[in-house]
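Please read the structure below before turning to the comments.
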Amino acid sequence: MSRFSWKGQWALVTGASSGIGQAMARELAAGGAKLVLTARRADRLQAFAAELSTEFSTEVEIFAADLEKPEAPAEILEFTNSKSINPALLVNNAGFGIFGEFREMDLARQLAMIQVNCSAVVAMTSLYLPAMIARGSGDVLIVASTASFQAVPYQTAYAATKAFDLIFAEGIAEEVKRFGVRVCALCPGQTKSEFHEIANEPIPKQMSVHTAREVARIGLDAMAAGKHHVICGVSNRLGMELQRLAPRRLVTAISERMFRPSGE
Ligand SMILES: NC(=O)c1ccc[n+]([C@@H]2O[C@H](COP(=O)([O-])OP(=O)(O)OC[C@H]3O[C@@H](n4cnc5c(N)ncnc54)[C@H](OP(=O)(O)O)[C@@H]3O)[C@@H](O)[C@H]2O)c1
């Protein structure tokens, strides 16, 4: 199974205090990987690290950091360097969304989202890539979304950050494959986690929902197989393929109907 691909090696997971990041960390620990977990909520990281190291007898380090702060990625690198940890796998998972009408959204919150979802992903990848290239091996998994493939009204800036993540991952993947480094974008559809509550976003009824564990497994399988991107679930894959045949504006209009806040 793919989760054993990093057995005995270090994996660094951002956004490991909840949802997909937590599920990813659990799968990796079950596969014998050693872990560095980061997120803002130190209490959660601490409890989760204790749980993982007891259950799977593996080493787990935690480092609390706020990726809204531009200096956070360098602080994470400084921490891993201070422990002589060279991650074989970097999972850029931390992220959040904002749901609602763009004209009513708080600008500072949107810019913070761009910082966490995009700038921090670029910074983390940029900081950990050189050691991977020097070693001639390393994996970077970037959590994008099915929102990466088209505009999504009422999550307009969020979808744009996820489009960035996908395009960034695919570009870097081609650039670094000749150095033995693999990069993969994981594109989940609706997934059970704290995401929707934080984004204040209702899940449209017609959408299928994955568990964080299913998504984590799909992502690690794809990473281990050297894919450049993976879309979670047959219906999401089919949906993404079919919509490529339709006019972009029509796809956006349908999406507007699906996501329009209720009562309007
Ligand atoms: N759930 C979905 O339907 C869905 C679908 C497609 C893609 N995704 C993507 O999946 C990724 C994980 O989301 P999730 O669904 O697992 O949501 P989640 O349960 O809310 O988890 C988000 C994680 O990101 C961390 N995070 C948020 N802001 C941060 C910050 N400023 N600094 C450091 N860490 C921060 C959170 O930790 P702290 O709060 O402790 O900092 C938490 O661990 C995101 O990139 C999201 O865009 C989710």
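Within each chain, counting starts at residue 1; across the structure tokens, chains are named A, B, ... in the order shown, with ligands numbered 1 upward in that order.
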
Got a sec to tell me which of stretch 112-233 of chain A DSSP assigns to strand (DSSP E), as an MDAnalysis selection string?
-> chainID A and resid 138:143 181:187 229:231

Could you save the residues just selected, with N, CA, C and O atoms, as a tab-separated table (two decimals), in the first residue's frame?
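Heads up, here's the output in out-v4.tsv:
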chain	number	residue	atom	x	y	z
A	138	GLY	N	12.52	13.07	-3.50
A	138	GLY	CA	11.64	13.84	-2.61
A	138	GLY	C	10.28	13.99	-3.25
A	138	GLY	O	10.16	13.93	-4.48
A	139	ASP	N	9.27	14.12	-2.41
A	139	ASP	CA	7.90	14.23	-2.90
A	139	ASP	C	7.21	15.44	-2.28
A	139	ASP	O	7.36	15.70	-1.09
A	140	VAL	N	6.44	16.14	-3.09
A	140	VAL	CA	5.67	17.29	-2.61
A	140	VAL	C	4.22	17.10	-3.05
A	140	VAL	O	3.94	16.99	-4.24
A	141	LEU	N	3.34	17.01	-2.07
A	141	LEU	CA	1.91	16.87	-2.35
A	141	LEU	C	1.23	18.19	-2.00
A	141	LEU	O	1.39	18.69	-0.89
A	142	ILE	N	0.50	18.74	-2.96
A	142	ILE	CA	-0.16	20.04	-2.75
A	142	ILE	C	-1.66	19.83	-2.82
A	142	ILE	O	-2.18	19.30	-3.82
A	143	VAL	N	-2.37	20.21	-1.76
A	143	VAL	CA	-3.81	20.00	-1.74
A	143	VAL	C	-4.50	21.16	-2.47
A	143	VAL	O	-4.53	22.29	-1.98
A	181	VAL	N	12.61	14.43	-8.20
A	181	VAL	CA	11.63	14.96	-7.25
A	181	VAL	C	10.24	14.94	-7.91
A	181	VAL	O	10.10	15.27	-9.09
A	182	ARG	N	9.25	14.49	-7.13
A	182	ARG	CA	7.90	14.36	-7.67
A	182	ARG	C	6.97	15.36	-6.99
A	182	ARG	O	7.09	15.58	-5.78
A	183	VAL	N	6.07	15.94	-7.78
A	183	VAL	CA	5.11	16.90	-7.23
A	183	VAL	C	3.72	16.48	-7.73
A	183	VAL	O	3.56	16.16	-8.90
A	184	CYS	N	2.76	16.48	-6.82
A	184	CYS	CA	1.41	16.04	-7.19
A	184	CYS	C	0.37	16.98	-6.56
A	184	CYS	O	0.50	17.36	-5.40
A	185	ALA	N	-0.64	17.34	-7.33
A	185	ALA	CA	-1.76	18.13	-6.79
A	185	ALA	C	-2.92	17.18	-6.49
A	185	ALA	O	-3.35	16.42	-7.37
A	186	LEU	N	-3.40	17.23	-5.27
A	186	LEU	CA	-4.56	16.44	-4.86
A	186	LEU	C	-5.80	17.33	-4.96
A	186	LEU	O	-5.84	18.41	-4.36
A	187	CYS	N	-6.79	16.88	-5.72
A	187	CYS	CA	-7.98	17.71	-5.95
A	187	CYS	C	-9.23	17.04	-5.37
A	187	CYS	O	-9.94	16.32	-6.07
A	229	HIS	N	-1.38	15.08	-10.96
A	229	HIS	CA	-2.59	15.51	-10.23
A	229	HIS	C	-3.56	14.35	-10.12
A	229	HIS	O	-3.48	13.39	-10.90
A	230	VAL	N	-4.43	14.43	-9.15
A	230	VAL	CA	-5.48	13.42	-9.01
A	230	VAL	C	-6.76	14.10	-8.54
A	230	VAL	O	-6.71	14.99	-7.69
A	231	ILE	N	-7.88	13.69	-9.13
A	231	ILE	CA	-9.20	14.19	-8.71
A	231	ILE	C	-9.86	13.08	-7.91
A	231	ILE	O	-9.87	11.92	-8.34

Which of stretch 49-263 of chain A DSSP labels helix (DSSP H, G or I), written as an NGL selection string | :A and (49-56 or 72-82 or 102-104 or 107-135 or 146-149 or 156-179 or 195-199 or 212-224 or 234-243 or 248-259)

Hey, which bits of chain A sit within 6 Å of ligand 1, and for each residue what's the closest pair of atoms and how far apart in Å (one decimal), counting only C-alpha atoms and all ligand atoms, rows by chain and increasing number, as JSON lines?
{"residue": "A:Gly15", "atom": "CA", "partner": "ligand 1", "partner_atom_place_in_ligand_line": "43 (O)", "distance": 3.3}
{"residue": "A:Ala16", "atom": "CA", "partner": "ligand 1", "partner_atom_place_in_ligand_line": "43 (O)", "distance": 4.5}
{"residue": "A:Ser17", "atom": "CA", "partner": "ligand 1", "partner_atom_place_in_ligand_line": "43 (O)", "distance": 3.9}
{"residue": "A:Ser18", "atom": "CA", "partner": "ligand 1", "partner_atom_place_in_ligand_line": "43 (O)", "distance": 4.2}
{"residue": "A:Gly19", "atom": "CA", "partner": "ligand 1", "partner_atom_place_in_ligand_line": "16 (O)", "distance": 3.4}
{"residue": "A:Ile20", "atom": "CA", "partner": "ligand 1", "partner_atom_place_in_ligand_line": "16 (O)", "distance": 3.8}
{"residue": "A:Gly21", "atom": "CA", "partner": "ligand 1", "partner_atom_place_in_ligand_line": "16 (O)", "distance": 5.6}
{"residue": "A:Ala39", "atom": "CA", "partner": "ligand 1", "partner_atom_place_in_ligand_line": "34 (N)", "distance": 4.0}
{"residue": "A:Arg40", "atom": "CA", "partner": "ligand 1", "partner_atom_place_in_ligand_line": "41 (O)", "distance": 3.5}
{"residue": "A:Arg41", "atom": "CA", "partner": "ligand 1", "partner_atom_place_in_ligand_line": "40 (O)", "distance": 3.8}
{"residue": "A:Ala65", "atom": "CA", "partner": "ligand 1", "partner_atom_place_in_ligand_line": "33 (C)", "distance": 5.8}
{"residue": "A:Asp66", "atom": "CA", "partner": "ligand 1", "partner_atom_place_in_ligand_line": "32 (N)", "distance": 3.7}
{"residue": "A:Leu67", "atom": "CA", "partner": "ligand 1", "partner_atom_place_in_ligand_line": "32 (N)", "distance": 3.7}
{"residue": "A:Glu68", "atom": "CA", "partner": "ligand 1", "partner_atom_place_in_ligand_line": "31 (N)", "distance": 4.5}
{"residue": "A:Asn93", "atom": "CA", "partner": "ligand 1", "partner_atom_place_in_ligand_line": "45 (O)", "distance": 4.8}
{"residue": "A:Ala94", "atom": "CA", "partner": "ligand 1", "partner_atom_place_in_ligand_line": "24 (O)", "distance": 3.5}
{"residue": "A:Gly95", "atom": "CA", "partner": "ligand 1", "partner_atom_place_in_ligand_line": "45 (O)", "distance": 3.5}
{"residue": "A:Phe96", "atom": "CA", "partner": "ligand 1", "partner_atom_place_in_ligand_line": "47 (O)", "distance": 5.0}
{"residue": "A:Val116", "atom": "CA", "partner": "ligand 1", "partner_atom_place_in_ligand_line": "31 (N)", "distance": 5.8}
{"residue": "A:Val143", "atom": "CA", "partner": "ligand 1", "partner_atom_place_in_ligand_line": "45 (O)", "distance": 5.3}
{"residue": "A:Ala144", "atom": "CA", "partner": "ligand 1", "partner_atom_place_in_ligand_line": "7 (C)", "distance": 5.6}
{"residue": "A:Ser145", "atom": "CA", "partner": "ligand 1", "partner_atom_place_in_ligand_line": "6 (C)", "distance": 4.1}
{"residue": "A:Pro188", "atom": "CA", "partner": "ligand 1", "partner_atom_place_in_ligand_line": "6 (C)", "distance": 4.4}
{"residue": "A:Gly189", "atom": "CA", "partner": "ligand 1", "partner_atom_place_in_ligand_line": "5 (C)", "distance": 4.8}
{"residue": "A:Gln190", "atom": "CA", "partner": "ligand 1", "partner_atom_place_in_ligand_line": "3 (O)", "distance": 3.5}
{"residue": "A:Thr191", "atom": "CA", "partner": "ligand 1", "partner_atom_place_in_ligand_line": "3 (O)", "distance": 3.7}
{"residue": "A:Lys192", "atom": "CA", "partner": "ligand 1", "partner_atom_place_in_ligand_line": "1 (N)", "distance": 5.6}
{"residue": "A:Ser193", "atom": "CA", "partner": "ligand 1", "partner_atom_place_in_ligand_line": "19 (O)", "distance": 4.2}
{"residue": "A:Glu194", "atom": "CA", "partner": "ligand 1", "partner_atom_place_in_ligand_line": "19 (O)", "distance": 3.7}
{"residue": "A:Phe195", "atom": "CA", "partner": "ligand 1", "partner_atom_place_in_ligand_line": "20 (O)", "distance": 3.7}

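The space separating atom CA of A:Phe149 from atom CA of A:Val91 comes to 20.7 Å.
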
Please report as JSON lines every residue of stretch 58-104 of chain A lying within 10 Å of stretch 151-168 of chain A, along with the nearest atom pair and their distance in Å (one decimal), using only C-alpha atoms.
{"residue": "A:Asn92", "atom": "CA", "partner": "A:Asp165", "partner_atom": "CA", "distance": 9.7}
{"residue": "A:Gly95", "atom": "CA", "partner": "A:Lys162", "partner_atom": "CA", "distance": 9.5}
{"residue": "A:Phe96", "atom": "CA", "partner": "A:Tyr158", "partner_atom": "CA", "distance": 7.9}
{"residue": "A:Gly97", "atom": "CA", "partner": "A:Tyr158", "partner_atom": "CA", "distance": 5.4}
{"residue": "A:Ile98", "atom": "CA", "partner": "A:Gln155", "partner_atom": "CA", "distance": 6.1}
{"residue": "A:Phe99", "atom": "CA", "partner": "A:Gln155", "partner_atom": "CA", "distance": 5.0}
{"residue": "A:Gly100", "atom": "CA", "partner": "A:Tyr154", "partner_atom": "CA", "distance": 4.7}
{"residue": "A:Glu101", "atom": "CA", "partner": "A:Tyr154", "partner_atom": "CA", "distance": 5.2}
{"residue": "A:Phe102", "atom": "CA", "partner": "A:Tyr154", "partner_atom": "CA", "distance": 6.4}
{"residue": "A:Arg103", "atom": "CA", "partner": "A:Tyr154", "partner_atom": "CA", "distance": 9.7}

All heavy atoms of the current selection, written as a PDB file, in the first residue's frame:
ATOM      1  N   ASN A  92       1.704  20.035   1.496  1.00  0.00           N
ATOM      2  CA  ASN A  92       1.176  21.398   1.606  1.00  0.00           C
ATOM      3  C   ASN A  92      -0.343  21.303   1.627  1.00  0.00           C
ATOM      4  O   ASN A  92      -0.995  21.302   0.579  1.00  0.00           O
ATOM      5  CB  ASN A  92       1.606  22.235   0.399  1.00  0.00           C
ATOM      6  CG  ASN A  92       3.018  22.747   0.501  1.00  0.00           C
ATOM      7  OD1 ASN A  92       3.394  23.385   1.481  1.00  0.00           O
ATOM      8  ND2 ASN A  92       3.823  22.471  -0.521  1.00  0.00           N
ATOM      9  N   GLY A  95      -5.063  25.202   4.618  1.00  0.00           N
ATOM     10  CA  GLY A  95      -5.805  26.125   3.770  1.00  0.00           C
ATOM     11  C   GLY A  95      -7.180  26.358   4.326  1.00  0.00           C
ATOM     12  O   GLY A  95      -7.651  25.623   5.189  1.00  0.00           O
ATOM     13  N   PHE A  96      -7.833  27.390   3.834  1.00  0.00           N
ATOM     14  CA  PHE A  96      -9.223  27.630   4.217  1.00  0.00           C
ATOM     15  C   PHE A  96      -9.948  28.371   3.107  1.00  0.00           C
ATOM     16  O   PHE A  96      -9.322  28.898   2.175  1.00  0.00           O
ATOM     17  CB  PHE A  96      -9.305  28.380   5.562  1.00  0.00           C
ATOM     18  CG  PHE A  96      -8.830  29.809   5.528  1.00  0.00           C
ATOM     19  CD1 PHE A  96      -9.718  30.845   5.312  1.00  0.00           C
ATOM     20  CD2 PHE A  96      -7.486  30.120   5.733  1.00  0.00           C
ATOM     21  CE1 PHE A  96      -9.278  32.177   5.292  1.00  0.00           C
ATOM     22  CE2 PHE A  96      -7.043  31.438   5.721  1.00  0.00           C
ATOM     23  CZ  PHE A  96      -7.942  32.472   5.499  1.00  0.00           C
ATOM     24  N   GLY A  97     -11.274  28.364   3.195  1.00  0.00           N
ATOM     25  CA  GLY A  97     -12.083  29.029   2.186  1.00  0.00           C
ATOM     26  C   GLY A  97     -12.974  30.083   2.820  1.00  0.00           C
ATOM     27  O   GLY A  97     -13.136  30.135   4.043  1.00  0.00           O
ATOM     28  N   ILE A  98     -13.534  30.931   1.964  1.00  0.00           N
ATOM     29  CA  ILE A  98     -14.494  31.931   2.430  1.00  0.00           C
ATOM     30  C   ILE A  98     -15.668  31.872   1.460  1.00  0.00           C
ATOM     31  O   ILE A  98     -15.479  31.930   0.241  1.00  0.00           O
ATOM     32  CB  ILE A  98     -13.910  33.362   2.414  1.00  0.00           C
ATOM     33  CG1 ILE A  98     -12.532  33.406   3.094  1.00  0.00           C
ATOM     34  CG2 ILE A  98     -14.868  34.346   3.091  1.00  0.00           C
ATOM     35  CD1 ILE A  98     -11.810  34.733   2.916  1.00  0.00           C
ATOM     36  N   PHE A  99     -16.863  31.727   2.003  1.00  0.00           N
ATOM     37  CA  PHE A  99     -18.066  31.600   1.184  1.00  0.00           C
ATOM     38  C   PHE A  99     -18.927  32.845   1.342  1.00  0.00           C
ATOM     39  O   PHE A  99     -19.074  33.356   2.463  1.00  0.00           O
ATOM     40  CB  PHE A  99     -18.832  30.355   1.631  1.00  0.00           C
ATOM     41  CG  PHE A  99     -20.119  30.146   0.900  1.00  0.00           C
ATOM     42  CD1 PHE A  99     -20.119  29.612  -0.383  1.00  0.00           C
ATOM     43  CD2 PHE A  99     -21.329  30.479   1.477  1.00  0.00           C
ATOM     44  CE1 PHE A  99     -21.310  29.408  -1.064  1.00  0.00           C
ATOM     45  CE2 PHE A  99     -22.525  30.281   0.799  1.00  0.00           C
ATOM     46  CZ  PHE A  99     -22.524  29.742  -0.473  1.00  0.00           C
ATOM     47  N   GLY A 100     -19.479  33.310   0.262  1.00  0.00           N
ATOM     48  CA  GLY A 100     -20.393  34.457   0.340  1.00  0.00           C
ATOM     49  C   GLY A 100     -20.193  35.382  -0.851  1.00  0.00           C
ATOM     50  O   GLY A 100     -19.465  35.054  -1.790  1.00  0.00           O
ATOM     51  N   GLU A 101     -20.854  36.507  -0.792  1.00  0.00           N
ATOM     52  CA  GLU A 101     -20.750  37.460  -1.901  1.00  0.00           C
ATOM     53  C   GLU A 101     -19.435  38.220  -1.809  1.00  0.00           C
ATOM     54  O   GLU A 101     -19.133  38.808  -0.760  1.00  0.00           O
ATOM     55  CB  GLU A 101     -21.931  38.433  -1.859  1.00  0.00           C
ATOM     56  CG  GLU A 101     -23.241  37.703  -2.067  1.00  0.00           C
ATOM     57  CD  GLU A 101     -24.222  38.520  -2.880  1.00  0.00           C
ATOM     58  OE1 GLU A 101     -23.798  39.389  -3.668  1.00  0.00           O
ATOM     59  OE2 GLU A 101     -25.423  38.271  -2.720  1.00  0.00           O
ATOM     60  N   PHE A 102     -18.718  38.238  -2.909  1.00  0.00           N
ATOM     61  CA  PHE A 102     -17.409  38.893  -2.938  1.00  0.00           C
ATOM     62  C   PHE A 102     -17.501  40.342  -2.454  1.00  0.00           C
ATOM     63  O   PHE A 102     -16.673  40.817  -1.679  1.00  0.00           O
ATOM     64  CB  PHE A 102     -16.836  38.843  -4.363  1.00  0.00           C
ATOM     65  CG  PHE A 102     -15.524  39.556  -4.506  1.00  0.00           C
ATOM     66  CD1 PHE A 102     -14.341  38.968  -4.086  1.00  0.00           C
ATOM     67  CD2 PHE A 102     -15.466  40.845  -5.048  1.00  0.00           C
ATOM     68  CE1 PHE A 102     -13.134  39.631  -4.197  1.00  0.00           C
ATOM     69  CE2 PHE A 102     -14.257  41.516  -5.153  1.00  0.00           C
ATOM     70  CZ  PHE A 102     -13.093  40.909  -4.726  1.00  0.00           C
ATOM     71  N   ARG A 103     -18.566  41.044  -2.889  1.00  0.00           N
ATOM     72  CA  ARG A 103     -18.682  42.478  -2.570  1.00  0.00           C
ATOM     73  C   ARG A 103     -18.839  42.713  -1.068  1.00  0.00           C
ATOM     74  O   ARG A 103     -18.605  43.799  -0.585  1.00  0.00           O
ATOM     75  CB  ARG A 103     -19.856  43.106  -3.346  1.00  0.00           C
ATOM     76  CG  ARG A 103     -21.205  42.565  -2.937  1.00  0.00           C
ATOM     77  CD  ARG A 103     -22.304  42.920  -3.917  1.00  0.00           C
ATOM     78  NE  ARG A 103     -23.480  42.095  -3.664  1.00  0.00           N
ATOM     79  CZ  ARG A 103     -24.507  42.459  -2.902  1.00  0.00           C
ATOM     80  NH1 ARG A 103     -24.519  43.645  -2.338  1.00  0.00           N
ATOM     81  NH2 ARG A 103     -25.517  41.651  -2.724  1.00  0.00           N
TER      82      ARG A 103
END

Please provide the set of residues having any atom within 10 Å of A:Glu27, restricted to only C-alpha atoms, with same-chain residues fewer than 3 positions apart removed, written as a list in words.
->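 Listing them by chain and then by number gives Ser2, Arg3, Phe4, Gly21, Gln22, Ala23, Met24, Ala30, Gly31, Gly32, Ala33, Arg213, Ala216, Arg217 and Leu220 of chain A.
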
Would you kindly return, as a PyMOL selection string, each protein, DNA or RNA residue with an atom no farther than 6 Å from any atom of A:Leu12, considering only C-alpha atoms and excluding same-chain residues fewer than 4 positions away?
-> chain A and resi 35-36+90

Rounded to one decimal in Å, what is the spacing between atom CA of A:Ser57 and atom CA of A:Met223?
->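 Atom CA of A:Met223 lies 24.1 Å from atom CA of A:Ser57.
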
Interatomic distance between atom CA of A:Ala131 and atom CA of A:Lys7?
->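 Distance between the two atoms: 19.0 Å.
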
Go through A:Thr14, A:Asn117, A:Asn86, A:Ser208 and flag the residue nearest A:Ser235, using only C-alpha atoms for the distances.
-> A:Ser208
